[in-house]
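Below is upload_5.txt, which holds compact mmCIF, C-alpha atoms.
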```txt
# COMPACT_ATOMS: atom_id res chain seq x y z
CA MET A 128 62.23 -133.56 -4.09
CA THR A 129 63.90 -134.47 -7.36
CA LEU A 130 65.53 -137.73 -6.36
CA THR A 131 63.68 -140.51 -4.64
CA HIS A 132 64.69 -143.02 -2.04
CA SER A 133 65.20 -145.65 -4.76
CA SER A 134 67.52 -143.31 -6.63
CA ILE A 135 69.67 -143.07 -3.48
CA LEU A 136 69.80 -146.83 -3.28
CA SER A 137 70.63 -147.04 -6.99
CA LEU A 138 73.41 -144.54 -6.53
CA ALA A 139 74.71 -146.46 -3.55
CA LEU A 140 74.65 -149.69 -5.56
CA LEU A 141 76.35 -147.97 -8.48
CA SER A 142 79.00 -146.70 -6.12
CA ALA A 143 79.58 -150.17 -4.84
CA VAL A 144 79.78 -151.69 -8.31
CA ASN A 145 81.84 -149.01 -10.02
CA ALA A 146 84.48 -146.82 -8.49
CA CYS A 147 84.38 -148.41 -5.12
CA ALA A 148 84.06 -151.99 -6.13
CA THR A 149 87.06 -152.73 -4.02
CA THR A 150 86.48 -150.05 -1.36
CA ALA A 151 83.93 -150.37 1.39
CA PRO A 152 81.92 -147.19 2.03
CA PRO A 153 83.21 -145.15 4.94
CA ALA A 154 81.38 -145.48 8.25
CA ASP A 155 80.15 -141.90 7.97
CA LEU A 156 78.45 -142.69 4.66
CA VAL A 157 76.83 -145.83 6.04
CA THR A 158 75.63 -143.82 9.03
CA ALA A 159 74.35 -141.06 6.74
CA ARG A 160 72.38 -143.53 4.62
CA ASP A 161 70.78 -145.02 7.73
CA ALA A 162 69.97 -141.58 9.13
CA TYR A 163 68.37 -140.48 5.88
CA GLU A 164 66.44 -143.74 5.59
CA ARG A 165 65.08 -143.24 9.11
CA ALA A 166 64.19 -139.59 8.52
CA GLN A 167 62.49 -140.36 5.24
CA HIS A 168 60.22 -142.92 6.84
CA GLY A 169 59.54 -140.80 9.93
CA THR A 170 57.63 -137.59 10.45
CA ALA A 171 60.10 -135.49 8.41
CA ALA A 172 58.62 -136.50 5.04
CA LYS A 173 55.34 -134.90 6.01
CA LEU A 174 56.31 -132.19 8.49
CA ASN A 175 59.74 -131.11 7.32
CA PRO A 176 60.06 -131.93 3.60
CA ALA A 177 62.35 -128.97 2.81
CA GLN A 178 65.05 -129.99 5.27
CA LEU A 179 64.64 -133.62 4.36
CA ASP A 180 65.31 -132.55 0.78
CA THR A 181 68.44 -130.68 1.90
CA ALA A 182 69.61 -133.85 3.65
CA HIS A 183 68.83 -135.80 0.50
CA LYS A 184 70.98 -133.53 -1.63
CA ALA A 185 73.79 -133.68 0.89
CA LEU A 186 73.64 -137.47 0.79
CA LEU A 187 73.75 -137.44 -3.01
CA SER A 188 76.86 -135.24 -2.87
CA ALA A 189 78.50 -137.69 -0.51
CA GLU A 190 77.50 -140.65 -2.69
CA ARG A 191 78.91 -138.93 -5.79
CA ALA A 192 82.14 -138.10 -3.99
CA PHE A 193 82.42 -141.72 -2.95
CA GLU A 194 81.65 -142.85 -6.48
CA GLU A 195 84.20 -140.51 -8.01
CA ASP A 196 86.94 -140.43 -5.40
CA GLY A 197 86.35 -143.40 -3.13
CA ASP A 198 86.84 -143.22 0.65
CA THR A 199 88.54 -139.85 0.89
CA GLN A 200 88.46 -137.28 3.66
CA ARG A 201 86.16 -135.17 1.49
CA THR A 202 83.78 -138.12 1.05
CA ARG A 203 83.74 -138.70 4.81
CA ASP A 204 83.16 -135.00 5.53
CA LEU A 205 80.30 -134.82 3.04
CA ALA A 206 78.80 -138.00 4.48
CA TYR A 207 79.17 -136.61 7.99
CA VAL A 208 77.25 -133.47 6.96
CA ALA A 209 74.60 -135.54 5.17
CA GLY A 210 74.05 -137.74 8.23
CA ARG A 211 73.74 -134.78 10.55
CA ARG A 212 71.36 -132.99 8.17
CA ALA A 213 69.11 -136.05 8.10
CA GLN A 214 69.14 -136.22 11.91
CA ILE A 215 68.41 -132.50 12.16
CA ALA A 216 65.49 -132.85 9.72
CA GLU A 217 64.10 -135.71 11.77
CA ALA A 218 64.52 -133.94 15.14
CA ARG A 219 62.88 -130.75 13.87
CA ALA A 220 60.00 -132.73 12.39
CA ASN A 221 59.52 -134.52 15.71
CA ALA A 222 59.53 -131.17 17.52
CA THR A 223 56.91 -129.85 15.10
CA ARG A 224 54.76 -132.94 15.62
CA ALA A 225 55.03 -132.62 19.40
CA THR A 226 54.15 -128.92 19.26
CA GLN A 227 51.14 -129.69 17.11
CA GLY A 228 50.15 -132.44 19.54
CA GLN A 229 50.49 -130.03 22.44
CA GLU A 230 48.36 -127.42 20.67
CA GLN A 231 45.73 -130.00 19.80
CA ALA A 232 45.66 -131.32 23.37
CA THR A 233 45.38 -127.78 24.74
CA GLU A 234 42.57 -127.03 22.32
CA ASN A 235 40.80 -130.26 23.28
CA MET A 236 41.24 -129.45 26.95
CA HIS A 237 39.75 -125.99 26.50
CA ALA A 238 36.87 -127.43 24.50
CA ALA A 239 36.27 -130.08 27.17
CA THR A 240 36.38 -127.44 29.90
CA ALA A 241 33.93 -125.25 28.00
CA ALA A 242 31.63 -128.20 27.40
CA GLN A 243 31.82 -129.20 31.06
CA LEU A 244 31.07 -125.63 32.09
CA GLY A 245 28.10 -125.60 29.74
CA ARG A 246 26.76 -128.85 31.17
CA THR A 247 27.29 -127.62 34.72
CA ASN A 248 25.46 -124.38 33.98
CA GLN A 249 22.65 -126.31 32.36
CA GLN A 250 22.37 -128.62 35.36
CA LEU A 251 22.44 -125.67 37.75
CA ALA A 252 19.69 -123.97 35.76
CA LEU A 253 17.62 -127.15 35.90
CA GLN A 254 18.22 -127.45 39.63
CA ARG A 255 17.23 -123.81 40.14
CA GLN A 256 14.14 -124.39 38.06
CA ALA A 257 13.28 -127.53 40.04
CA MET A 258 13.77 -125.68 43.33
CA GLN A 259 11.59 -122.84 42.13
CA SER A 260 8.89 -125.28 41.03
CA GLU A 261 9.09 -127.02 44.37
CA ARG A 262 8.83 -123.68 46.18
CA ASP A 263 5.88 -122.65 44.05
CA ALA A 264 4.17 -125.98 44.64
CA ARG A 265 4.73 -125.72 48.39
CA ILE A 266 3.36 -122.19 48.50
CA ALA A 267 0.34 -123.27 46.46
CA ALA A 268 -0.22 -126.27 48.73
CA GLU A 269 0.05 -124.12 51.82
CA LYS A 270 -2.46 -121.70 50.36
CA ARG A 271 -4.84 -124.52 49.46
CA ALA A 272 -4.49 -125.93 52.96
CA ALA A 273 -5.14 -122.51 54.50
CA ASP A 274 -8.15 -121.96 52.25
CA ALA A 275 -9.45 -125.41 53.10
CA ALA A 276 -8.97 -124.79 56.80
CA ALA A 277 -10.82 -121.50 56.46
CA ASP A 278 -13.66 -123.31 54.68
CA LEU A 279 -13.73 -125.93 57.40
CA GLY A 280 -13.88 -123.26 60.03
CA LYS A 281 -17.19 -122.12 58.56
CA ILE A 282 -18.90 -125.48 59.06
CA GLY A 283 -17.22 -126.88 62.13
CA SER A 284 -14.53 -126.29 64.68
CA ILE A 285 -10.88 -127.18 64.23
CA LYS A 286 -8.58 -127.87 67.15
CA GLN A 287 -5.01 -128.99 67.32
CA GLU A 288 -4.72 -131.74 69.91
CA PRO A 289 -1.93 -134.14 70.87
CA ARG A 290 -3.60 -136.89 68.81
CA GLY A 291 -3.69 -134.60 65.73
CA MET A 292 -5.97 -132.06 64.10
CA VAL A 293 -9.57 -132.59 65.22
CA ILE A 294 -12.42 -131.37 63.02
CA THR A 295 -15.70 -131.39 64.93
CA LEU A 296 -18.99 -131.43 63.06
CA SER A 297 -22.27 -131.04 64.89
CA GLY A 298 -24.39 -134.19 64.84
CA GLY A 299 -27.51 -132.11 64.32
CA VAL A 300 -26.14 -130.70 61.09
CA LEU A 301 -25.39 -134.14 59.63
CA PHE A 302 -28.12 -136.45 60.89
CA ALA A 303 -31.76 -136.38 61.97
CA SER A 304 -32.33 -137.47 65.55
CA GLY A 305 -31.74 -141.19 66.02
CA LYS A 306 -30.90 -141.68 62.32
CA SER A 307 -27.69 -142.46 60.53
CA ASP A 308 -28.65 -141.23 57.05
CA LEU A 309 -27.02 -137.98 56.00
CA LEU A 310 -29.28 -134.96 55.75
CA GLY A 311 -29.57 -133.27 52.38
CA ASN A 312 -27.46 -130.23 53.23
CA ALA A 313 -25.02 -132.38 55.19
CA GLN A 314 -23.50 -133.60 51.96
CA ALA A 315 -22.47 -130.09 50.90
CA LYS A 316 -20.74 -129.66 54.24
CA LEU A 317 -19.00 -133.03 53.94
CA ASN A 318 -17.91 -132.08 50.44
CA THR A 319 -16.12 -129.11 51.94
CA VAL A 320 -14.60 -131.38 54.56
CA ALA A 321 -13.49 -133.89 51.92
CA ASP A 322 -11.96 -131.13 49.77
CA ALA A 323 -10.10 -129.81 52.78
CA LEU A 324 -8.86 -133.25 53.76
CA THR A 325 -7.51 -133.98 50.28
CA GLN A 326 -5.23 -130.96 50.76
CA GLN A 327 -3.69 -132.47 53.86
CA ASP A 328 -0.42 -134.36 53.96
CA PRO A 329 -1.08 -137.42 51.75
CA ASP A 330 0.67 -139.62 54.30
CA SER A 331 -1.60 -138.57 57.15
CA ARG A 332 -4.31 -140.94 58.37
CA MET A 333 -7.84 -140.09 59.54
CA THR A 334 -10.28 -141.54 61.98
CA VAL A 335 -13.94 -140.61 61.83
CA GLU A 336 -15.35 -140.80 65.35
CA GLY A 337 -19.06 -140.89 66.12
CA HIS A 338 -20.33 -139.53 69.48
CA THR A 339 -23.82 -139.33 71.01
CA ASP A 340 -25.34 -137.72 74.08
CA SER A 341 -26.18 -139.91 77.08
CA GLN A 342 -29.87 -140.16 76.45
CA GLY A 343 -31.14 -143.65 75.67
CA LYS A 344 -29.44 -146.98 76.13
CA ALA A 345 -25.69 -147.11 75.93
CA ALA A 346 -25.71 -150.03 73.50
CA TYR A 347 -28.07 -148.17 71.19
CA ASN A 348 -25.93 -145.04 71.38
CA GLN A 349 -22.82 -147.10 70.70
CA ALA A 350 -24.37 -148.71 67.62
CA LEU A 351 -25.74 -145.35 66.40
CA SER A 352 -22.36 -143.64 66.83
CA GLU A 353 -20.64 -146.46 64.91
CA ARG A 354 -23.13 -146.29 62.03
CA ARG A 355 -22.83 -142.52 61.80
CA ALA A 356 -19.03 -142.68 61.84
CA GLN A 357 -19.14 -145.31 59.11
CA VAL A 358 -21.55 -143.29 56.96
CA VAL A 359 -19.35 -140.22 57.18
CA ARG A 360 -16.24 -142.30 56.50
CA ASP A 361 -17.82 -143.92 53.41
CA TYR A 362 -18.93 -140.54 52.13
CA LEU A 363 -15.41 -139.15 52.45
CA VAL A 364 -14.02 -142.16 50.59
CA ALA A 365 -16.60 -141.65 47.87
CA ARG A 366 -15.37 -138.05 47.64
CA GLY A 367 -11.81 -139.11 46.93
CA ILE A 368 -10.11 -139.81 50.25
CA ALA A 369 -8.13 -143.05 49.89
CA ALA A 370 -9.99 -145.84 51.68
CA ASP A 371 -6.89 -147.09 53.44
CA ARG A 372 -6.25 -143.67 54.95
CA VAL A 373 -9.54 -143.32 56.76
CA SER A 374 -11.22 -145.52 59.38
CA ALA A 375 -14.42 -145.19 61.45
CA GLN A 376 -15.02 -145.69 65.14
CA GLY A 377 -18.04 -145.18 67.41
CA PHE A 378 -17.78 -144.12 71.02
CA GLY A 379 -21.46 -143.77 71.98
CA SER A 380 -21.73 -141.30 74.83
CA SER A 381 -18.49 -142.35 76.47
CA ARG A 382 -16.55 -139.27 75.44
CA SER A 383 -18.80 -136.38 76.31
CA VAL A 384 -17.42 -132.93 75.88
CA ALA A 385 -20.33 -131.10 77.59
CA ASP A 386 -22.91 -131.51 80.33
CA ASN A 387 -25.63 -133.97 79.27
CA THR A 388 -28.17 -132.40 81.62
CA SER A 389 -28.79 -129.38 79.41
CA SER A 390 -30.10 -129.43 75.85
CA GLU A 391 -27.23 -127.27 74.73
CA GLY A 392 -24.69 -129.63 76.32
CA ARG A 393 -26.33 -132.66 74.72
CA ALA A 394 -26.29 -130.93 71.34
CA ASN A 395 -22.55 -130.42 71.73
CA ASN A 396 -22.05 -134.06 72.66
CA ARG A 397 -23.88 -135.25 69.51
CA ARG A 398 -21.06 -134.85 67.08
CA VAL A 399 -18.76 -136.40 64.56
CA GLU A 400 -15.03 -135.81 64.95
CA ILE A 401 -12.49 -136.36 62.23
CA VAL A 402 -9.00 -136.83 63.65
CA VAL A 403 -6.17 -136.24 61.19
CA THR A 404 -2.95 -137.85 62.40
CA PRO A 405 0.31 -136.87 60.72
CA LYS A 406 2.48 -139.76 59.58
CA ALA A 407 5.10 -139.09 62.23
CA ASP A 408 2.54 -139.52 65.02
CA GLN A 409 0.81 -142.59 63.66
CA ALA A 410 2.90 -145.05 65.62
CA HIS A 411 1.70 -143.46 68.84
CA THR A 412 -1.98 -143.20 67.94
CA SER A 413 -4.39 -146.08 67.71
CA THR A 414 -6.82 -145.97 64.82
CA ARG A 415 -9.14 -148.58 63.54
CA MET B 260 76.63 -125.80 1.72
CA LEU B 261 80.21 -125.22 2.74
CA ALA B 262 82.72 -125.52 -0.08
CA PHE B 263 86.06 -127.25 -0.12
CA GLY B 264 89.10 -125.56 -1.58
CA CYS B 265 92.69 -126.40 -2.18
CA ALA B 266 95.23 -126.37 0.63
CA GLY B 267 97.25 -123.25 0.83
CA THR B 268 94.74 -121.00 -0.91
CA HIS B 269 92.28 -120.81 2.00
CA ALA B 270 91.46 -117.69 3.91
CA ALA B 271 91.17 -118.24 7.65
CA PRO B 272 87.59 -119.44 8.30
CA THR B 273 86.91 -116.87 10.97
CA ARG B 274 83.26 -116.41 10.02
CA GLN B 275 82.61 -120.15 10.24
CA LEU B 276 84.40 -120.18 13.56
CA ALA B 277 82.16 -117.43 14.87
CA ASP B 278 79.09 -119.27 13.56
CA VAL B 279 80.04 -122.45 15.40
CA GLN B 280 80.73 -120.54 18.61
CA ALA B 281 77.32 -118.87 18.36
CA ALA B 282 75.58 -122.19 17.68
CA ASN B 283 77.34 -123.85 20.61
CA ARG B 284 76.27 -120.99 22.85
CA THR B 285 72.68 -121.32 21.68
CA ALA B 286 72.71 -125.07 22.33
CA SER B 287 74.05 -124.50 25.85
CA GLU B 288 71.50 -121.79 26.59
CA LEU B 289 68.66 -124.06 25.45
CA GLY B 290 69.86 -126.70 27.91
CA ALA B 291 71.58 -129.20 25.62
CA GLN B 292 73.63 -130.32 28.64
CA ASN B 293 70.45 -131.76 30.16
CA ASN B 294 69.69 -134.06 27.26
CA PRO B 295 72.12 -136.97 26.74
CA LYS B 296 71.85 -137.04 22.95
CA ALA B 297 72.08 -133.28 22.60
CA LYS B 298 74.93 -133.17 25.08
CA LEU B 299 76.88 -135.71 23.02
CA HIS B 300 76.64 -133.59 19.87
CA LEU B 301 77.43 -130.39 21.72
CA THR B 302 80.55 -132.07 23.09
CA LEU B 303 81.51 -133.19 19.57
CA ALA B 304 80.97 -129.64 18.30
CA GLU B 305 83.14 -128.20 21.06
CA GLU B 306 85.91 -130.73 20.46
CA GLN B 307 85.92 -130.06 16.73
CA LEU B 308 85.87 -126.33 17.35
CA SER B 309 88.89 -126.72 19.59
CA GLN B 310 90.69 -128.79 16.94
CA ALA B 311 89.80 -126.20 14.27
CA LYS B 312 91.30 -123.44 16.38
CA GLN B 313 94.45 -125.48 16.71
CA ALA B 314 94.53 -126.04 12.94
CA MET B 315 94.15 -122.29 12.36
CA GLU B 316 97.03 -121.67 14.72
CA ASP B 317 98.98 -124.16 12.62
CA ASP B 318 97.97 -122.25 9.45
CA ASP B 319 96.04 -125.29 8.25
CA ASP B 320 92.91 -123.43 7.26
CA GLU B 321 91.60 -126.19 5.05
CA THR B 322 91.51 -128.62 7.97
CA ALA B 323 90.09 -125.90 10.17
CA GLU B 324 87.31 -125.29 7.66
CA ARG B 325 86.27 -128.95 7.38
CA LEU B 326 86.39 -129.35 11.17
CA LEU B 327 84.23 -126.26 11.56
CA MET B 328 81.78 -127.64 9.01
CA ARG B 329 81.41 -130.79 11.10
CA ALA B 330 81.22 -128.75 14.30
CA GLN B 331 78.47 -126.59 12.82
CA MET B 332 76.42 -129.67 11.98
CA ASP B 333 76.83 -131.09 15.47
CA ALA B 334 75.94 -127.79 17.12
CA GLU B 335 72.80 -127.48 14.98
CA LEU B 336 71.88 -131.07 15.75
CA ALA B 337 72.37 -130.42 19.49
CA ILE B 338 69.96 -127.48 19.18
CA ALA B 339 67.40 -129.52 17.21
CA LEU B 340 67.56 -132.42 19.66
CA THR B 341 67.13 -130.09 22.65
CA ARG B 342 64.11 -128.43 21.07
CA GLU B 343 62.67 -131.82 20.14
CA ALA B 344 62.98 -133.04 23.74
CA ASP B 345 61.45 -129.81 25.09
CA ALA B 346 58.51 -130.01 22.68
CA MET B 347 57.88 -133.63 23.62
CA ALA B 348 58.07 -132.86 27.33
CA ASN B 349 55.64 -129.97 26.91
CA GLU B 350 53.26 -132.16 24.94
CA ALA B 351 53.40 -134.87 27.60
CA LYS B 352 52.74 -132.28 30.29
CA VAL B 353 49.60 -131.02 28.55
CA LEU B 354 48.38 -134.55 27.87
CA ASP B 355 48.86 -135.38 31.56
CA ALA B 356 47.00 -132.22 32.57
CA ALA B 357 44.17 -133.14 30.21
CA ARG B 358 43.95 -136.62 31.72
CA VAL B 359 43.95 -135.23 35.28
CA GLY B 360 41.35 -132.63 34.26
CA GLN B 361 39.10 -135.31 32.84
CA SER B 362 39.22 -137.47 35.94
CA ALA B 363 38.84 -134.48 38.28
CA SER B 364 35.67 -133.01 36.81
CA PRO B 365 32.83 -135.38 37.69
CA GLU B 366 29.36 -134.55 36.45
CA LEU B 367 26.92 -133.00 38.85
CA GLU B 368 24.28 -135.43 39.97
CA ALA B 369 21.32 -135.43 37.67
CA THR B 370 18.35 -133.48 38.88
CA PRO B 371 15.44 -135.82 39.43
```
How does this structure look as structure tokens?
Amino acid sequence: MTLTHSSILSLALLSAVNACATTAPPADLVTARDAYERAQHGTAAKLNPAQLDTAHKALLSAERAFEEDGDTQRTRDLAYVAGRRAQIAEARANATRATQGQEQATENMHAATAAQLGRTNQQLALQRQAMQSERDARIAAEKRAADAAADLGKIGSIKQEPRGMVITLSGGVLFASGKSDLLGNAQAKLNTVADALTQQDPDSRMTVEGHTDSQGKAAYNQALSERRAQVVRDYLVARGIAADRVSAQGFGSSRSVADNTSSEGRANNRRVEIVVTPKADQAHTSTR
Amino acid sequence: MLAFGCAGTHAAPTRQLADVQAANRTASELGAQNNPKAKLHLTLAEEQLSQAKQAMEDDDDETAERLLMRAQMDAELAIALTREADAMANEAKVLDAARVGQSASPELEATP
């Protein structure tokens, strides 16, 4: 652009002072000056400089015509053209700006969509991974529980009863007759029991029940069964079962499972039972 | 830039006339009638075209030429204004779509 905005103003002032000192500029020229002024300070200067320059030259032609000839038809025609050229430059620049804005917005939208897709895929992968880990952990836990149950089966009997899973250990294996101290090899067996119990549902609760045969006084049997239950309970706690999950209770000979008249029956009645109650059933089962 | 000549020595501005007619047609096809500002300038172009034709019939080619020059400017402005409005409408549409897209794509819940 060879002539600046100030040169236009100078030319306009010159026009006013010289040839047209007594003639007001035609409306078309005033309009053209305004239109150019607006275009020059709008987007056209940056986005449409070539057409703004064309408008500038057209305005200079109109100003010169006005300066030389005053308010003639030719001056008005040139001013009319200059005004329209400035408006055209401005409109085209605005269209260019809007098109660029649209392209930028589209690009941003695509980038945002791609980023969102990436995040979604990442989250899905994490979820899949978490589900797989959970599945693996469940399978491992089930295997540990099955292994533990198999180990338990070697040292005692396991039954599923309405009150829960009942592990029955022979009294003769754990204690000497009339005693409540654990035998030496009883500890190895209780270790197996404790390991198996730690694999159970961590929300389950346990009751260690002591039982005797009917020989001797009932009060003695009751006290013996309570001591034995407590000893076993304390041992299990020492082996890692949470203390608040396991309680002890003695029943003496009140809950016989076999005939007390035979030695075999009495042996079966001398036992320790560990009742494992799932969390869901705890409200219906009394434990102490 | 269109030139001015002396009265009586002008050839009939038939080429300019054809140019204005073509520009008016383009403005109409782009939808200038649907945009108030563009419609105004298209109307001006058509009126000046009509006056130019009359001037040519009256053998006043100089007047016809200056009227056609004005008409050409108005037709081109009608086209520019129509395209400007279209571009702005398209931009607004995409910006709206982007806003809707942003609010309609909530994050998945975080995996614990």
All residues 12 Å or closer to Asn312 in chain A, only C-alpha atoms, same chain fewer than 3 positions away omitted, as a list in words: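 Counting only C-alpha atoms, the residues come to Ile282, Gly299, Val300, Leu301, Phe302, Ala303, Asp308, Leu309, Ala315, Lys316, Leu317, Asn318 and Thr319 of chain A.
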At most 6 Å to chain B: residues in chain A, all atoms listed in the file, as an MDAnalysis selection string: chainID A and resid 211 215 218:219 222 225:226 229 236
Within 12 Å of file point (76.3, -132.5, -1.9), counting only C-alpha atoms, expressed as a list in words: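 Nearby residues: Asp180, Thr181, Ala182, His183, Lys184, Ala185, Leu186, Leu187, Ser188, Ala189, Glu190, Arg191, Ala192, Phe193, Arg201, Thr202, Arg203, Asp204, Leu205, Ala206, Tyr207, Val208, Ala209, Gly210 and Arg212 of chain A; Met260, Leu261, Ala262 and Phe263 of chain B.
CA of Ala151 in chain A is found 19.0 Å from CA of Tyr163 in chain A.
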Contacts of Met292 in chain A within 9 Å, only C-alpha atoms, excl. fewer than 6 positions in-chain, as a ChimeraX atom specification: /A:285-286,401-405
Option closest in space to Asp319 in chain B, from B:Lys298, B:Gly290, B:Ala271, B:Gln280 [counting all atoms listed in the file]: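 Among B:Lys298, B:Gly290, B:Ala271, B:Gln280, it is B:Ala271 that comes nearest to Asp319 in chain B.
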d(CA of Ala375 in chain A, CA of Asn387 in chain A) in Å: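 A separation of 23.9 Å between them.
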Between CA of Ser307 in chain A and CA of Ala276 in chain A, distance in Å (one decimal): 26.0 Å
Residue neighbourhood Ala220 in chain A, 9 Å, only C-alpha atoms, exclusion window fewer than 2 positions, as a list in words: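 Residues meeting the cut-off are Ala166, Gly169, Thr170, Ala171, Ala172, Lys173, Leu174, Asn175, Pro176, Ile215, Ala216, Glu217, Ala218, Ala222, Thr223, Arg224 and Ala225 of chain A; Glu343 of chain B.
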Written file, previous selection with C-alpha atoms, as a PDB file, keeping the file's coordinate frame:
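Final output, out38.pdb:
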```
ATOM      1  CA  ALA A 166      64.190-139.590   8.520  1.00  0.00           C
ATOM      2  CA  GLY A 169      59.540-140.800   9.930  1.00  0.00           C
ATOM      3  CA  THR A 170      57.630-137.590  10.450  1.00  0.00           C
ATOM      4  CA  ALA A 171      60.100-135.490   8.410  1.00  0.00           C
ATOM      5  CA  ALA A 172      58.620-136.500   5.040  1.00  0.00           C
ATOM      6  CA  LYS A 173      55.340-134.900   6.010  1.00  0.00           C
ATOM      7  CA  LEU A 174      56.310-132.190   8.490  1.00  0.00           C
ATOM      8  CA  ASN A 175      59.740-131.110   7.320  1.00  0.00           C
ATOM      9  CA  PRO A 176      60.060-131.930   3.600  1.00  0.00           C
ATOM     10  CA  ILE A 215      68.410-132.500  12.160  1.00  0.00           C
ATOM     11  CA  ALA A 216      65.490-132.850   9.720  1.00  0.00           C
ATOM     12  CA  GLU A 217      64.100-135.710  11.770  1.00  0.00           C
ATOM     13  CA  ALA A 218      64.520-133.940  15.140  1.00  0.00           C
ATOM     14  CA  ALA A 222      59.530-131.170  17.520  1.00  0.00           C
ATOM     15  CA  THR A 223      56.910-129.850  15.100  1.00  0.00           C
ATOM     16  CA  ARG A 224      54.760-132.940  15.620  1.00  0.00           C
ATOM     17  CA  ALA A 225      55.030-132.620  19.400  1.00  0.00           C
TER      18      ALA A 225
ATOM     19  CA  GLU B 343      62.670-131.820  20.140  1.00  0.00           C
TER      20      GLU B 343
END
```
Selection as a list in words: residues within 6 Å of (-20.1, -145.1, 62.9), counting only C-alpha atoms: Gly337, Ser352, Glu353, Arg354, Arg355, Ala356, Gln357, Ala375, Gln376 and Gly377 of chain A
Best match for closeness to Ala281 in chain B among B:Ser362, B:Gln310, B:Glu321, B:Ala304, counting only C-alpha atoms: B:Ala304
Please write out, as AutoDock Vina command-line options, where the centre of an axis-aligned box around all listed atoms of range 383-395 of chain A lies and how long its edges are, in Å to one decimal, after adding 6 Å on each side.
```
--center_x -23.8 --center_y -131.8 --center_z 76.5 --size_x 24.7 --size_y 21.1 --size_z 22.3
```
Residues near Thr388 in chain A, cut-off 10 Å, only C-alpha atoms, skip fewer than 6 positions along chain, as a count of residues only: 3
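Each of B:Leu303, B:Pro272, B:Val359, B:Ala282 was checked against Asp318 in chain B using all atoms listed in the file; the smallest atom-to-atom distance is that of B:Pro272.
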